[in-house]
>>> print(open('work.cif').read())   # mmCIF, C-alpha atoms
data_start
#
loop_
_atom_site.label_atom_id
_atom_site.label_comp_id
_atom_site.auth_asym_id
_atom_site.auth_seq_id
_atom_site.Cartn_x
_atom_site.Cartn_y
_atom_site.Cartn_z
CA MET V 144 0.00 0.00 0.00
CA GLY V 145 1.33 3.41 -0.97
CA LYS V 146 0.71 6.65 0.80
CA PRO V 147 -2.85 8.03 0.66
CA PRO V 148 -3.89 11.03 -1.46
CA SER V 149 -3.17 14.52 -0.15
CA LEU V 150 -6.16 16.65 0.83
CA PHE V 151 -5.32 20.36 0.87
CA SER V 152 -7.90 22.75 2.30
CA TYR V 153 -7.78 26.54 2.12
CA ALA V 154 -9.83 29.39 3.51
CA SER V 155 -11.03 30.41 0.06
CA THR V 156 -10.27 30.15 -3.65
CA ASP V 157 -8.08 33.23 -3.21
CA THR V 158 -5.67 31.21 -1.09
CA LEU V 159 -6.25 27.98 -3.00
CA ALA V 160 -5.25 29.49 -6.37
CA PRO V 161 -1.59 30.27 -5.52
CA ALA V 162 -1.13 26.78 -4.06
CA LEU V 163 -2.63 25.21 -7.19
CA ARG V 164 -0.33 27.38 -9.30
CA ASN V 165 2.76 26.18 -7.44
CA TYR V 166 1.65 22.58 -7.78
CA ILE V 167 1.01 22.89 -11.54
CA LEU V 168 4.32 24.68 -12.12
CA ALA V 169 6.15 21.91 -10.26
CA CYS V 170 4.44 19.40 -12.56
CA GLN V 171 5.41 21.56 -15.55
CA ALA V 172 9.06 21.67 -14.49
CA ALA V 173 9.21 17.90 -14.07
CA ALA V 174 7.55 17.33 -17.45
CA LEU V 175 9.80 19.74 -19.34
CA GLU V 176 12.86 18.10 -17.85
CA ARG V 177 11.47 14.72 -18.77
CA HIS V 178 10.43 15.32 -22.39
CA ALA V 179 10.37 19.07 -23.18
CA VAL V 180 6.57 19.22 -23.35
CA PHE V 181 3.83 19.41 -20.71
CA LYS V 182 0.92 17.10 -21.51
CA ILE V 183 -2.19 17.75 -19.44
CA ALA V 184 -5.83 16.68 -19.52
CA VAL V 185 -8.54 18.97 -18.18
CA SER V 186 -12.25 18.76 -17.48
CA GLY V 187 -14.93 21.46 -17.43
CA GLY V 188 -17.24 22.79 -14.75
CA SER V 189 -15.70 25.43 -12.50
CA LEU V 190 -12.16 24.16 -13.13
CA PRO V 191 -11.22 26.41 -16.10
CA LYS V 192 -12.06 29.57 -14.19
CA THR V 193 -9.97 28.37 -11.24
CA LEU V 194 -7.10 27.56 -13.61
CA ALA V 195 -7.22 31.07 -15.03
CA LYS V 196 -7.15 32.53 -11.54
CA ALA V 197 -4.19 30.36 -10.60
CA LEU V 198 -2.11 30.52 -13.75
CA LEU V 199 -2.65 34.02 -15.10
CA ALA V 200 -1.59 35.83 -11.95
CA SER V 201 1.34 38.11 -12.71
CA SER V 202 4.79 36.86 -11.81
CA ASP V 203 8.14 38.65 -11.78
CA GLY V 204 10.05 35.44 -11.24
CA THR V 205 12.09 33.30 -13.62
CA PRO V 206 10.52 31.47 -16.58
CA GLU V 207 10.46 28.35 -14.40
CA ASP V 208 8.21 30.25 -11.97
CA SER V 209 5.71 30.99 -14.73
CA PRO V 210 3.59 28.89 -17.08
CA GLN V 211 5.46 28.18 -20.31
CA PHE V 212 2.24 27.82 -22.25
CA ASP V 213 3.91 27.40 -25.63
CA LYS V 214 5.20 24.04 -24.36
CA TRP V 215 1.80 22.85 -23.10
CA GLU V 216 -0.45 20.32 -24.81
CA VAL V 217 -4.02 20.44 -23.52
CA TYR V 218 -6.32 17.45 -23.95
CA PHE V 219 -9.82 16.85 -22.63
CA ALA V 220 -10.52 14.38 -19.84
CA ASP V 221 -14.08 14.28 -21.14
CA GLU V 222 -16.16 16.08 -23.71
CA ARG V 223 -19.76 16.34 -24.77
CA ALA V 224 -20.92 15.30 -28.25
CA VAL V 225 -21.82 18.85 -29.25
CA PRO V 226 -20.33 21.47 -31.61
CA LEU V 227 -17.29 23.29 -30.26
CA ASP V 228 -19.26 26.53 -29.96
CA HIS V 229 -22.15 24.90 -28.07
CA GLU V 230 -22.83 26.03 -24.51
CA ASP V 231 -22.35 22.44 -23.26
CA SER V 232 -18.91 22.10 -24.86
CA ASN V 233 -16.01 21.72 -22.45
CA TYR V 234 -13.75 23.06 -25.21
CA LYS V 235 -15.81 26.25 -25.41
CA LEU V 236 -15.70 26.62 -21.63
CA VAL V 237 -11.96 26.02 -21.37
CA LYS V 238 -11.32 28.37 -24.28
CA ALA V 239 -13.51 31.19 -22.95
CA GLU V 240 -12.63 30.93 -19.26
CA TRP V 241 -8.92 30.22 -19.56
CA ILE V 242 -7.21 29.92 -22.97
CA ASP V 243 -8.60 33.16 -24.42
CA GLN V 244 -7.60 35.00 -21.25
CA ILE V 245 -3.90 34.19 -21.65
CA PRO V 246 -1.97 37.34 -22.63
CA ALA V 247 -0.17 37.00 -25.95
CA GLU V 248 3.25 37.43 -24.35
CA MET V 249 2.69 34.29 -22.24
CA GLY V 250 2.32 32.11 -25.32
CA LYS V 251 -0.52 29.75 -26.13
CA PRO V 252 -0.87 26.05 -25.46
CA THR V 253 -1.65 23.57 -28.20
CA VAL V 254 -5.23 22.45 -27.60
CA PHE V 255 -6.70 19.19 -28.90
CA PRO V 256 -10.51 19.31 -29.27
CA ILE V 257 -12.76 16.53 -30.53
CA GLU V 258 -13.41 15.96 -34.24
CA THR V 259 -16.89 17.35 -34.71
CA LYS V 260 -17.50 15.38 -37.91
CA HIS V 261 -18.22 12.40 -35.62
CA LEU V 262 -20.85 14.06 -33.42
CA ASP V 263 -23.61 11.78 -34.71
CA ASP V 264 -21.75 8.63 -33.68
CA VAL V 265 -20.39 8.73 -30.14
CA GLN V 266 -18.39 5.52 -30.67
CA GLU V 267 -16.64 7.09 -33.67
CA LEU V 268 -16.11 10.24 -31.64
CA ALA V 269 -14.39 8.25 -28.89
CA ASP V 270 -12.37 6.22 -31.39
CA SER V 271 -11.12 9.33 -33.17
CA TYR V 272 -9.99 10.93 -29.91
CA GLU V 273 -8.29 7.70 -28.89
CA GLN V 274 -6.45 7.66 -32.21
CA LEU V 275 -5.32 11.22 -31.51
CA LEU V 276 -3.86 10.01 -28.20
CA VAL V 277 -2.19 7.09 -29.96
CA LYS V 278 -0.55 9.53 -32.37
CA GLN V 279 0.53 11.97 -29.65
CA PHE V 280 1.65 9.52 -26.98
CA ALA V 281 3.02 6.56 -28.99
CA ALA V 282 1.87 3.62 -31.00
CA LYS V 283 -0.82 1.81 -29.01
CA ASP V 284 0.97 -1.50 -29.33
CA SER V 285 4.00 -0.06 -27.50
CA VAL V 286 2.26 1.55 -24.53
CA LYS V 287 -0.56 0.19 -22.41
CA VAL V 288 -2.08 3.62 -21.76
CA PRO V 289 -1.12 7.23 -22.48
CA ILE V 290 0.73 8.77 -19.55
CA PHE V 291 -0.33 12.37 -18.91
CA ASP V 292 2.03 14.56 -16.93
CA LEU V 293 -0.97 16.00 -15.10
CA ILE V 294 -4.71 15.36 -15.12
CA LEU V 295 -6.88 18.15 -13.67
CA LEU V 296 -10.34 17.04 -12.59
CA GLY V 297 -13.49 18.15 -10.86
CA CYS V 298 -15.79 16.22 -8.54
CA GLY V 299 -19.53 16.16 -9.13
CA PRO V 300 -22.09 16.17 -6.29
CA ASP V 301 -22.51 12.43 -6.88
CA GLY V 302 -18.76 11.80 -6.92
CA HIS V 303 -18.44 11.47 -10.69
CA THR V 304 -15.33 12.71 -12.43
CA CYS V 305 -14.64 13.08 -16.14
CA SER V 306 -17.82 11.43 -17.44
CA LEU V 307 -17.37 8.39 -15.24
CA PHE V 308 -20.53 8.11 -13.17
CA PRO V 309 -21.26 6.01 -10.06
CA GLY V 310 -22.37 2.48 -10.87
CA HIS V 311 -21.87 2.89 -14.63
CA GLU V 312 -20.53 -0.01 -16.67
CA LEU V 313 -17.72 2.18 -18.05
CA LEU V 314 -16.03 1.95 -14.66
CA ARG V 315 -15.29 -1.70 -15.46
CA GLU V 316 -13.56 -0.96 -18.77
CA THR V 317 -9.93 -2.05 -18.58
CA HIS V 318 -8.60 -1.71 -22.15
CA GLY V 319 -10.05 1.34 -23.90
CA TRP V 320 -8.40 4.74 -23.58
CA VAL V 321 -11.35 6.91 -24.58
CA LEU V 322 -14.87 5.61 -23.98
CA PRO V 323 -18.25 6.58 -25.43
CA ILE V 324 -21.24 7.20 -23.20
CA SER V 325 -24.72 7.62 -24.66
CA ASP V 326 -26.73 7.38 -21.45
CA SER V 327 -25.10 9.95 -19.18
CA PRO V 328 -27.31 10.55 -16.12
CA LYS V 329 -26.36 14.22 -16.46
CA PRO V 330 -27.24 15.99 -19.72
CA PRO V 331 -26.13 15.98 -22.42
CA LYS V 332 -26.41 12.21 -22.63
CA ALA V 333 -23.84 11.69 -25.40
CA ARG V 334 -20.22 12.17 -24.30
CA ILE V 335 -16.74 10.71 -24.41
CA THR V 336 -14.43 10.24 -21.44
CA LEU V 337 -10.98 9.03 -20.52
CA SER V 338 -11.20 5.58 -18.99
CA LEU V 339 -10.44 4.95 -15.34
CA PRO V 340 -7.13 3.15 -16.14
CA VAL V 341 -5.94 6.19 -18.15
CA VAL V 342 -6.83 8.57 -15.33
CA ILE V 343 -5.10 6.41 -12.72
CA ALA V 344 -2.00 6.17 -14.93
CA GLY V 345 -1.46 9.95 -14.84
CA LEU V 346 1.85 10.90 -13.28
CA LYS V 347 0.01 13.49 -11.19
CA ILE V 348 -3.74 13.90 -10.67
CA ALA V 349 -5.34 16.94 -9.07
CA PHE V 350 -8.96 17.41 -8.10
CA VAL V 351 -10.35 20.89 -7.51
CA ALA V 352 -13.53 20.90 -5.42
CA THR V 353 -14.83 23.98 -3.64
CA GLY V 354 -17.97 25.24 -1.94
CA GLU V 355 -20.31 23.92 0.73
CA GLY V 356 -22.17 21.93 -1.91
CA LYS V 357 -19.24 19.51 -2.00
CA HIS V 358 -18.84 18.69 1.68
CA GLU V 359 -21.30 15.77 1.72
CA ILE V 360 -19.70 13.99 -1.21
CA LEU V 361 -16.17 14.65 0.07
CA HIS V 362 -17.15 13.16 3.43
CA LYS V 363 -18.51 10.12 1.60
CA ILE V 364 -15.40 9.77 -0.59
CA PHE V 365 -12.85 10.16 2.18
CA ASP V 366 -14.58 8.87 5.31
CA THR V 367 -16.87 6.00 4.31
CA GLU V 368 -16.56 2.51 2.89
CA GLU V 369 -19.00 3.47 0.14
CA GLY V 370 -16.51 6.08 -1.02
CA HIS V 371 -14.25 3.38 -2.45
CA SER V 372 -16.86 2.53 -5.10
CA ILE V 373 -17.49 6.15 -6.12
CA PRO V 374 -15.48 7.22 -9.21
CA CYS V 375 -13.48 9.91 -7.38
CA GLY V 376 -12.77 7.41 -4.61
CA MET V 377 -11.71 4.82 -7.17
CA VAL V 378 -9.16 7.30 -8.51
CA ASN V 379 -7.95 7.87 -4.94
CA ASP V 380 -7.57 4.13 -4.41
CA GLY V 381 -5.94 3.46 -7.77
CA ALA V 382 -3.51 6.38 -7.90
CA ALA V 383 -2.99 6.90 -4.13
CA GLU V 384 -0.15 9.33 -3.39
CA LYS V 385 -0.17 10.65 -6.98
CA VAL V 386 -3.50 12.35 -6.16
CA SER V 387 -3.85 15.80 -4.61
CA TRP V 388 -7.15 17.47 -3.75
CA PHE V 389 -7.38 21.27 -3.73
CA THR V 390 -10.42 22.29 -1.72
CA ASP V 391 -11.69 25.09 0.47
CA ASN V 392 -12.81 24.82 4.07
CA ALA V 393 -16.46 24.97 3.06
CA ALA V 394 -16.03 21.81 0.98
CA THR V 395 -14.20 19.91 3.70
CA GLU V 396 -16.49 20.79 6.59
CA GLY V 397 -17.24 17.59 8.49
CA VAL V 398 -14.55 15.58 6.67
CA SER V 399 -12.40 13.69 9.17
CA PHE V 400 -9.70 12.60 6.70
CA PRO V 401 -6.51 14.51 7.61
CA ARG V 402 -6.35 17.85 5.83
CA ARG V 403 -3.27 19.85 4.98
CA GLY V 404 -3.11 23.64 4.72
CA SER V 405 -0.20 24.04 2.34
CA LEU V 406 2.04 22.17 -0.06
#
>>> encode(input="work.cif", output="structure tokens")
Amino acid sequence: MGKPPSLFSYASTDTLAPALRNYILACQAAALERHAVFKIAVSGGSLPKTLAKALLASSDGTPEDSPQFDKWEVYFADERAVPLDHEDSNYKLVKAEWIDQIPAEMGKPTVFPIETKHLDDVQELADSYEQLLVKQFAAKDSVKVPIFDLILLGCGPDGHTCSLFPGHELLRETHGWVLPISDSPKPPKARITLSLPVVIAGLKIAFVATGEGKHEILHKIFDTEEGHSIPCGMVNDGAAEKVSWFTDNAATEGVSFPRRGSL
């Protein structure tokens, strides 16, 4: 058994953001030393706005103390089967809340959206995104799963992450990299998602969960036996010490799992 995940709790998003920034920049530094590129996967929800708050803060430090966005590759941990300009699109959200807010002098990451020509066939949509990962990470026959330098995730009120929902059959998938879902319990129904093995394989995994609306599910994930069967809890169990949670005190109220105040 490895060490458990780290649960960081802050007074507010104002104090959470700098800690998240430092964590991401440490991941960036390790990735650039490893292979000169920073490969990350992101989800939607409130995460993109928090990323902007964390990463776009001014810095007068060295380049290593700042995001080197021109060396970033941004992939999607999950996406909805909608046009890229649709209000439900994670790409649109990430672009509007974060990417478009990056000043020109900071450079721009390379972003990999879905192929919208496959929107009418969610299996084809998933297959095409998987083929993109094969191309970008290596031939599929030479690697078991793509290894992201960092995967940035949210946590739904039911404990879902990416588009992996509690009790869904996709949680049992052990071979696919990108999976189709046509019966999402949360609209829109048609989506694609990274599989649980791909998420767990990430070198670093960070959840961002804030607000009092999250304290019940965080208590369930961290403090109960049931939490081990909830998708976020399954990531905790599978990736253990590679996982860090960035939360605020409102979200961790009533959680007995040991909390940490700083990195």
>>> closest_residue(input="work.cif", among="V:Glu267, V:Glu240, V:Glu396, V:Glu369", to="V:Tyr153", atoms="all atoms listed in the file")
V:Glu396
>>> atom_distance(input="work.cif", atom1="atom CA of V:Ile373", atom2="atom CA of V:Gly302")
5.8 Å
>>> closest_residue(input="work.cif", among="V:Val398, V:Cys305, V:Leu346, V:Met249", to="V:Ala174", atoms="all atoms listed in the file")
V:Leu346
>>> residues_around(input="work.cif", residues="V:Ala172", least_positions_apart="2", cutoff="10 Å", atoms="all atoms listed in the file", output="compact mmCIF listing (two decimals) with C-alpha atoms, in the frame of the given file")
# COMPACT_ATOMS: atom_id res chain seq x y z
CA ILE V 167 1.01 22.89 -11.54
CA LEU V 168 4.32 24.68 -12.12
CA ALA V 169 6.15 21.91 -10.26
CA CYS V 170 4.44 19.40 -12.56
CA ALA V 174 7.55 17.33 -17.45
CA LEU V 175 9.80 19.74 -19.34
CA GLU V 176 12.86 18.10 -17.85
CA ARG V 177 11.47 14.72 -18.77
CA ALA V 179 10.37 19.07 -23.18
CA VAL V 180 6.57 19.22 -23.35
CA PHE V 181 3.83 19.41 -20.71
CA GLU V 207 10.46 28.35 -14.40
CA ASP V 208 8.21 30.25 -11.97
CA SER V 209 5.71 30.99 -14.73
CA PRO V 210 3.59 28.89 -17.08
CA GLN V 211 5.46 28.18 -20.31
>>> atom_distance(input="work.cif", atom1="atom CA of V:Ser186", atom2="atom CA of V:Gly297")
6.8 Å
>>> residues_around(input="work.cif", residues="V:Ala154", least_positions_apart="2", cutoff="10 Å", atoms="only C-alpha atoms", output="number ranges by chain")
V: 152, 156-159, 390-393, 404
>>> resolve_selection(input="work.cif", expression="the PyMOL selection byres ((chain V and resi 308) around 12)", output="ChimeraX atom specification")
/V:221,298-307,309-315,324,326-329,332,334,336,338-339,372-377
>>> atom_distance(input="work.cif", atom1="atom CA of V:Lys182", atom2="atom CA of V:Thr317")
22.2 Å
>>> resolve_selection(input="work.cif", expression="the PyMOL selection byres ((chain V and resi 241-244) around 7)", output="list in words")
Pro191, Lys192, Leu194, Ala195, Val237, Lys238, Ala239, Glu240, Ile245 and Pro246 of chain V
>>> resolve_selection(input="work.cif", expression="the PyMOL selection byres ((chain V and resi 226-233) around 10)", output="PyMOL selection string")
chain V and resi 185-188+191+219-225+234-239+256-260+262+330-331
>>> closest_residue(input="work.cif", among="V:Lys214, V:Arg402, V:His371, V:Lys363", to="V:Pro252", atoms="only C-alpha atoms")
V:Lys214
>>> closest_residue(input="work.cif", among="V:Phe400, V:Phe280, V:His261, V:Glu359", to="V:Asp292", atoms="all atoms listed in the file")
V:Phe280
>>> closest_residue(input="work.cif", among="V:Val286, V:Val342, V:Val378, V:Ile360", to="V:Ala394", atoms="only C-alpha atoms")
V:Ile360
>>> closest_residue(input="work.cif", among="V:Lys385, V:Lys196, V:Lys251, V:His178", to="V:Ala344", atoms="all atoms listed in the file")
V:Lys385
>>> residues_around(input="work.cif", residues="stretch 274-277 of chain V", least_positions_apart="5", cutoff="9 Å", atoms="all atoms listed in the file", output="NGL selection string")
:V and (218 or 255 or 269 or 282-283 or 286 or 288-289 or 320-321)
>>> residues_around(input="work.cif", residues="V:Pro401", least_positions_apart="5", cutoff="12 Å", atoms="all atoms listed in the file", output="PyMOL selection string")
chain V and resi 147-152+362+365-366+388+395-396
